[in-house]
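Participant: Input file: query_7.pdb. Contents: PDB, C-alpha atoms.
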ATOM      1  CA  MET Z   1     123.762  85.684 141.239
ATOM      2  CA  SER Z   2     120.057  86.400 140.752
ATOM      3  CA  ARG Z   3     120.801  87.190 137.100
ATOM      4  CA  LEU Z   4     122.471  83.812 136.799
ATOM      5  CA  SER Z   5     119.536  81.950 138.324
ATOM      6  CA  ARG Z   6     117.055  83.953 136.236
ATOM      7  CA  ASN Z   7     118.969  83.105 133.063
ATOM      8  CA  LEU Z   8     119.190  79.435 133.995
ATOM      9  CA  VAL Z   9     115.429  79.355 134.552
ATOM     10  CA  THR Z  10     114.918  81.129 131.223
ATOM     11  CA  ILE Z  11     117.097  78.606 129.430
ATOM     12  CA  TYR Z  12     115.255  75.718 131.067
ATOM     13  CA  ARG Z  13     111.841  77.120 130.149
ATOM     14  CA  THR Z  14     112.780  77.941 126.564
ATOM     15  CA  GLU Z  15     114.293  74.503 126.008
ATOM     16  CA  ARG Z  16     111.119  72.952 127.390
ATOM     17  CA  LEU Z  17     108.967  75.087 125.061
ATOM     18  CA  ILE Z  18     111.122  74.175 122.075
ATOM     19  CA  ALA Z  19     110.873  70.481 122.898
ATOM     20  CA  ARG Z  20     107.091  70.701 123.352
ATOM     21  CA  ARG Z  21     106.610  72.442 120.007
ATOM     22  CA  ARG Z  22     108.830  69.967 118.202
ATOM     23  CA  LEU Z  23     106.966  67.064 119.791
ATOM     24  CA  ALA Z  24     103.617  68.610 118.836
ATOM     25  CA  VAL Z  25     104.723  68.990 115.211
ATOM     26  CA  VAL Z  26     106.021  65.414 115.110
ATOM     27  CA  GLN Z  27     102.734  64.166 116.593
ATOM     28  CA  GLN Z  28     100.746  66.156 114.059
ATOM     29  CA  GLN Z  29     102.862  64.862 111.191
ATOM     30  CA  THR Z  30     102.506  61.280 112.408
ATOM     31  CA  ILE Z  31      98.741  61.583 112.671
ATOM     32  CA  LEU Z  32      98.548  63.153 109.222
ATOM     33  CA  PHE Z  33     100.761  60.437 107.759
ATOM     34  CA  GLY Z  34      98.562  57.756 109.320
ATOM     35  CA  ILE Z  35      95.271  59.280 108.199
ATOM     36  CA  ALA Z  36      96.660  59.968 104.742
ATOM     37  CA  GLY Z  37      97.882  56.390 104.508
ATOM     38  CA  ILE Z  38      94.539  54.889 105.481
ATOM     39  CA  ALA Z  39      92.587  57.227 103.197
ATOM     40  CA  ALA Z  40      94.974  56.646 100.364
ATOM     41  CA  LEU Z  41      94.797  52.901 100.791
ATOM     42  CA  LEU Z  42      90.995  52.820 100.745
ATOM     43  CA  ALA Z  43      90.729  55.246  97.852
ATOM     44  CA  LEU Z  44      93.397  53.509  95.859
ATOM     45  CA  VAL Z  45      91.817  50.118  96.200
ATOM     46  CA  LEU Z  46      88.514  51.385  94.844
ATOM     47  CA  LEU Z  47      90.095  53.696  92.292
ATOM     48  CA  ASN Z  48      92.474  51.043  91.072
ATOM     49  CA  LEU Z  49      89.646  48.601  90.639
ATOM     50  CA  ALA Z  50      87.556  51.091  88.677
ATOM     51  CA  LEU Z  51      90.465  52.299  86.553
ATOM     52  CA  PHE Z  52      91.679  48.793  85.894
ATOM     53  CA  PHE Z  53      88.302  47.800  84.449
ATOM     54  CA  ALA Z  54      88.170  51.028  82.412
ATOM     55  CA  LEU Z  55      91.745  50.668  81.078
ATOM     56  CA  GLN Z  56      91.383  46.959  80.389
ATOM     57  CA  SER Z  57      88.856  47.711  77.699
ATOM     58  CA  THR Z  58      91.395  49.877  75.786
ATOM     59  CA  MET Z  59      94.704  48.087  76.559
ATOM     60  CA  SER Z  60      96.103  44.842  77.839
ATOM     61  CA  PRO Z  61      95.702  43.949  81.534
ATOM     62  CA  ALA Z  62      99.470  44.321  82.111
ATOM     63  CA  SER Z  63      99.553  47.824  80.648
ATOM     64  CA  ALA Z  64      96.512  48.827  82.653
ATOM     65  CA  SER Z  65      98.225  47.620  85.866
ATOM     66  CA  ALA Z  66     101.414  49.556  85.031
ATOM     67  CA  VAL Z  67      99.521  52.794  84.456
ATOM     68  CA  LEU Z  68      97.700  52.358  87.753
ATOM     69  CA  ALA Z  69     100.946  51.653  89.632
ATOM     70  CA  LEU Z  70     102.552  54.854  88.294
ATOM     71  CA  GLY Z  71      99.494  56.851  89.320
ATOM     72  CA  ASN Z  72      99.639  55.329  92.795
ATOM     73  CA  LEU Z  73     103.316  56.270  93.201
ATOM     74  CA  GLY Z  74     102.617  59.849  92.137
ATOM     75  CA  PHE Z  75      99.802  60.140  94.656
ATOM     76  CA  ALA Z  76     101.979  58.749  97.454
ATOM     77  CA  GLY Z  77     104.725  61.253  96.588
ATOM     78  CA  LEU Z  78     102.211  64.090  96.770
ATOM     79  CA  LEU Z  79     101.098  62.996 100.258
ATOM     80  CA  VAL Z  80     104.702  62.868 101.469
ATOM     81  CA  LEU Z  81     105.382  66.387 100.158
ATOM     82  CA  ILE Z  82     102.324  67.751 101.951
ATOM     83  CA  ALA Z  83     103.332  66.113 105.241
ATOM     84  CA  ARG Z  84     106.933  67.354 105.011
ATOM     85  CA  ARG Z  85     105.761  70.941 104.581
ATOM     86  CA  SER Z  86     105.181  71.330 108.341
ATOM     87  CA  SER Z  87     108.170  73.021 109.959
ATOM     88  CA  VAL Z  88     108.808  73.706 113.609
ATOM     89  CA  GLU Z  89     111.732  76.085 113.050
ATOM     90  CA  ASP Z  90     109.545  79.090 112.233
ATOM     91  CA  GLU Z  91     107.491  78.574 115.369
ATOM     92  CA  VAL Z  92     110.411  78.218 117.785
ATOM     93  CA  ALA Z  93     112.661  80.954 116.368
ATOM     94  CA  PRO Z  94     111.653  83.586 118.980
ATOM     95  CA  VAL Z  95     112.106  81.102 121.820
ATOM     96  CA  VAL Z  96     115.552  80.126 120.512
ATOM     97  CA  GLU Z  97     116.500  83.807 120.417
ATOM     98  CA  VAL Z  98     115.488  84.307 124.070
ATOM     99  CA  ARG Z  99     117.458  81.193 125.064
ATOM    100  CA  ASP Z 100     120.543  82.419 123.210
ATOM    101  CA  MET Z 101     120.320  85.816 124.906
ATOM    102  CA  ALA Z 102     120.127  84.142 128.322
ATOM    103  CA  ILE Z 103     123.162  81.983 127.532
ATOM    104  CA  ALA Z 104     125.123  85.051 126.406
ATOM    105  CA  ASP Z 105     124.176  86.889 129.615
ATOM    106  CA  ILE Z 106     125.336  83.933 131.728
ATOM    107  CA  GLU Z 107     128.636  83.854 129.842
ATOM    108  CA  ASP Z 108     129.134  87.588 130.473
ATOM    109  CA  GLU Z 109     128.363  87.245 134.168
ATOM    110  CA  LEU Z 110     130.717  84.280 134.559
ATOM    111  CA  GLU Z 111     133.453  86.232 132.799
ATOM    112  CA  GLU Z 112     132.981  89.109 135.264
ATOM    113  CA  VAL Z 113     133.195  86.720 138.214
ATOM    114  CA  ALA Z 114     136.338  85.133 136.775
ATOM    115  CA  THR Z 115     137.953  88.556 136.319
ATOM    116  CA  GLU Z 116     137.147  89.530 139.902
ATOM    117  CA  ALA Z 117     138.530  86.218 141.151
ATOM    118  CA  ARG Z 118     141.763  86.800 139.214
ATOM    119  CA  GLU Z 119     142.070  90.265 140.793
ATOM    120  CA  VAL Z 120     141.665  88.808 144.286
ATOM    121  CA  VAL Z 121     144.235  86.069 143.572
ATOM    122  CA  GLN Z 122     146.686  88.659 142.250
ATOM    123  CA  ALA Z 123     146.130  90.830 145.327
ATOM    124  CA  VAL Z 124     146.678  87.888 147.666
ATOM    125  CA  LYS Z 125     149.910  87.047 145.840
ATOM    126  CA  SER Z 126     151.174  90.597 146.292
ATOM    127  CA  ILE Z 127     150.639  90.521 150.085
ATOM    128  CA  GLY Z 128     154.001  88.796 150.558
ATOM    129  CA  SER Z 129     155.959  91.639 149.016
ATOM    130  CA  ASN Z 130     153.970  94.558 150.491
ATOM    131  CA  PRO Z 131     151.632  93.521 153.337
ATOM    132  CA  LEU Z 132     150.272  96.970 154.231
ATOM    133  CA  GLY Z 133     149.871  98.273 150.683
ATOM    134  CA  SER Z 134     148.260  95.044 149.523
ATOM    135  CA  ALA Z 135     145.474  95.182 152.073
ATOM    136  CA  THR Z 136     143.590  97.773 150.027
ATOM    137  CA  THR Z 137     144.097  95.832 146.809
ATOM    138  CA  VAL Z 138     142.609  92.745 148.473
ATOM    139  CA  LEU Z 139     139.758  94.589 150.162
ATOM    140  CA  VAL Z 140     138.614  96.649 147.158
ATOM    141  CA  PRO Z 141     137.698  93.635 144.940
ATOM    142  CA  LEU Z 142     136.131  91.832 147.904
ATOM    143  CA  ILE Z 143     134.042  94.870 148.852
ATOM    144  CA  SER Z 144     132.963  95.395 145.232
ATOM    145  CA  MET Z 145     131.874  91.739 144.991
ATOM    146  CA  LEU Z 146     129.887  92.107 148.238
ATOM    147  CA  ILE Z 147     128.230  95.274 147.005
ATOM    148  CA  LYS Z 148     127.285  93.630 143.709
ATOM    149  CA  SER Z 149     125.865  90.599 145.447
ATOM    150  CA  ARG Z 150     123.833  92.777 147.826
ATOM    151  CA  SER Z 151     122.510  94.977 145.017
ATOM    152  CA  ASN Z 152     121.439  91.947 142.928
ATOM    153  CA  GLU Z 153     119.397  90.524 145.786
TER     154      GLU Z 153
END
In structure tokens, what does this structure look like?

Facilitator:
Amino acid sequence: MSRLSRNLVTIYRTERLIARRRLAVVQQQTILFGIAGIAALLALVLLNLALFFALQSTMSPASASAVLALGNLGFAGLLVLIARRSSVEDEVAPVVEVRDMAIADIEDELEEVATEAREVVQAVKSIGSNPLGSATTVLVPLISMLIKSRSNE
């Protein structure tokens, strides 16, 4: 059972690491989105004002506003693409692999325990038909389970 407890601890720790990394990436993205938004807002106000006065001399005020709006949308799209580039999957891939190995090991160990339990149940069922011959078939799986539990400790 020490393998089982070790694997459960491994799964718990890896899940905690995965959650921490994902939270850190989300926090970083949120901060970057906020800073980018504030910087973009300040820069756009000043840039729009300057460009509007420059474009107004060559075109109508409505056309100048439309050109500025399209430029602002393009800049906002660029900021969103930069922020979305951060990915947590590459960072947590090794931790996910360790977690999956621990889960597979737990499944294997539980399958072994289930097989041994089935053998004991089958041996107990056969006691009714052959009490003396069944004693060894009951004792062998029980002794092997005891030996395994002692060797794992």

Participant: Spell out the residues picked by the PyMOL selection byres ((chain Z and resi 79-89) around 12) here, as a PDB file with C-alpha atoms, in the frame of the given file.

Facilitator:
ATOM      1  CA  LEU Z  17     108.967  75.087 125.061  1.00  0.00           C
ATOM      2  CA  ILE Z  18     111.122  74.175 122.075  1.00  0.00           C
ATOM      3  CA  ALA Z  19     110.873  70.481 122.898  1.00  0.00           C
ATOM      4  CA  ARG Z  20     107.091  70.701 123.352  1.00  0.00           C
ATOM      5  CA  ARG Z  21     106.610  72.442 120.007  1.00  0.00           C
ATOM      6  CA  ARG Z  22     108.830  69.967 118.202  1.00  0.00           C
ATOM      7  CA  LEU Z  23     106.966  67.064 119.791  1.00  0.00           C
ATOM      8  CA  ALA Z  24     103.617  68.610 118.836  1.00  0.00           C
ATOM      9  CA  VAL Z  25     104.723  68.990 115.211  1.00  0.00           C
ATOM     10  CA  VAL Z  26     106.021  65.414 115.110  1.00  0.00           C
ATOM     11  CA  GLN Z  27     102.734  64.166 116.593  1.00  0.00           C
ATOM     12  CA  GLN Z  28     100.746  66.156 114.059  1.00  0.00           C
ATOM     13  CA  GLN Z  29     102.862  64.862 111.191  1.00  0.00           C
ATOM     14  CA  THR Z  30     102.506  61.280 112.408  1.00  0.00           C
ATOM     15  CA  ILE Z  31      98.741  61.583 112.671  1.00  0.00           C
ATOM     16  CA  LEU Z  32      98.548  63.153 109.222  1.00  0.00           C
ATOM     17  CA  PHE Z  33     100.761  60.437 107.759  1.00  0.00           C
ATOM     18  CA  GLY Z  34      98.562  57.756 109.320  1.00  0.00           C
ATOM     19  CA  ILE Z  35      95.271  59.280 108.199  1.00  0.00           C
ATOM     20  CA  ALA Z  36      96.660  59.968 104.742  1.00  0.00           C
ATOM     21  CA  GLY Z  37      97.882  56.390 104.508  1.00  0.00           C
ATOM     22  CA  ILE Z  38      94.539  54.889 105.481  1.00  0.00           C
ATOM     23  CA  ALA Z  39      92.587  57.227 103.197  1.00  0.00           C
ATOM     24  CA  ALA Z  40      94.974  56.646 100.364  1.00  0.00           C
ATOM     25  CA  LEU Z  41      94.797  52.901 100.791  1.00  0.00           C
ATOM     26  CA  ASN Z  72      99.639  55.329  92.795  1.00  0.00           C
ATOM     27  CA  LEU Z  73     103.316  56.270  93.201  1.00  0.00           C
ATOM     28  CA  GLY Z  74     102.617  59.849  92.137  1.00  0.00           C
ATOM     29  CA  PHE Z  75      99.802  60.140  94.656  1.00  0.00           C
ATOM     30  CA  ALA Z  76     101.979  58.749  97.454  1.00  0.00           C
ATOM     31  CA  GLY Z  77     104.725  61.253  96.588  1.00  0.00           C
ATOM     32  CA  LEU Z  78     102.211  64.090  96.770  1.00  0.00           C
ATOM     33  CA  ASP Z  90     109.545  79.090 112.233  1.00  0.00           C
ATOM     34  CA  GLU Z  91     107.491  78.574 115.369  1.00  0.00           C
ATOM     35  CA  VAL Z  92     110.411  78.218 117.785  1.00  0.00           C
ATOM     36  CA  ALA Z  93     112.661  80.954 116.368  1.00  0.00           C
ATOM     37  CA  PRO Z  94     111.653  83.586 118.980  1.00  0.00           C
ATOM     38  CA  VAL Z  95     112.106  81.102 121.820  1.00  0.00           C
ATOM     39  CA  VAL Z  96     115.552  80.126 120.512  1.00  0.00           C
ATOM     40  CA  GLU Z  97     116.500  83.807 120.417  1.00  0.00           C
TER      41      GLU Z  97
END

Participant: Measuring atom to atom with all atoms listed in the file, identify which of Z:Val121, Z:Leu49, Z:Ala104, Z:Val113 is nearest to Pro61 in chain Z.

Facilitator: Z:Leu49

Participant: As a list in words, please: the residues near Asp105 in chain Z (cut-off 12 Å, all atoms listed in the file, same-chain neighbours under 2 positions excluded).

Facilitator: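 Near Asp105 in chain Z, the qualifying residues are Met1, Ser2, Arg3, Leu4, Ser5, Arg6, Asn7, Leu8, Thr10, Ile11, Val98, Arg99, Asp100, Met101, Ala102, Ile103, Glu107, Asp108, Glu109, Leu110, Glu111 and Glu112 of chain Z.
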
Participant: To one decimal in Å, tell me the separation between CA of Ser126 in chain Z and CA of Ile147 in chain Z.

Facilitator: 23.4 Å

Participant: Identify which of the residues Z:Ser65, Z:Val120, Z:Leu42, Z:Ser129 lies closest to Ser144 in chain Z, counting only C-alpha atoms when measuring atom-to-atom distances.

Facilitator: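 Among the listed residues, the smallest separation from Ser144 in chain Z belongs to Z:Val120.
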
Participant: Do you have the CA of Ala54 in chain Z-CA of Ala69 in chain Z distance handy?

Facilitator: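 Interatomic distance, CA of Ala54 in chain Z to CA of Ala69 in chain Z: 14.7 Å.
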
Participant: Between CA of Gly71 in chain Z and CA of Ala43 in chain Z, what is the distance in Å, rounded to a tenth?

Facilitator: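 Rounded to one decimal, the two atoms are 12.3 Å apart.
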
Participant: Given 5 Å of margin on each side, can you work out the centre and size in Å (one decimal) of an axis-aligned box holding every listed atom of range 56-60 of chain Z, as lines of an AutoDock Vina configuration file?

Facilitator:
center_x = 92.5
center_y = 47.4
center_z = 78.1
size_x = 17.2
size_y = 15.0
size_z = 14.6
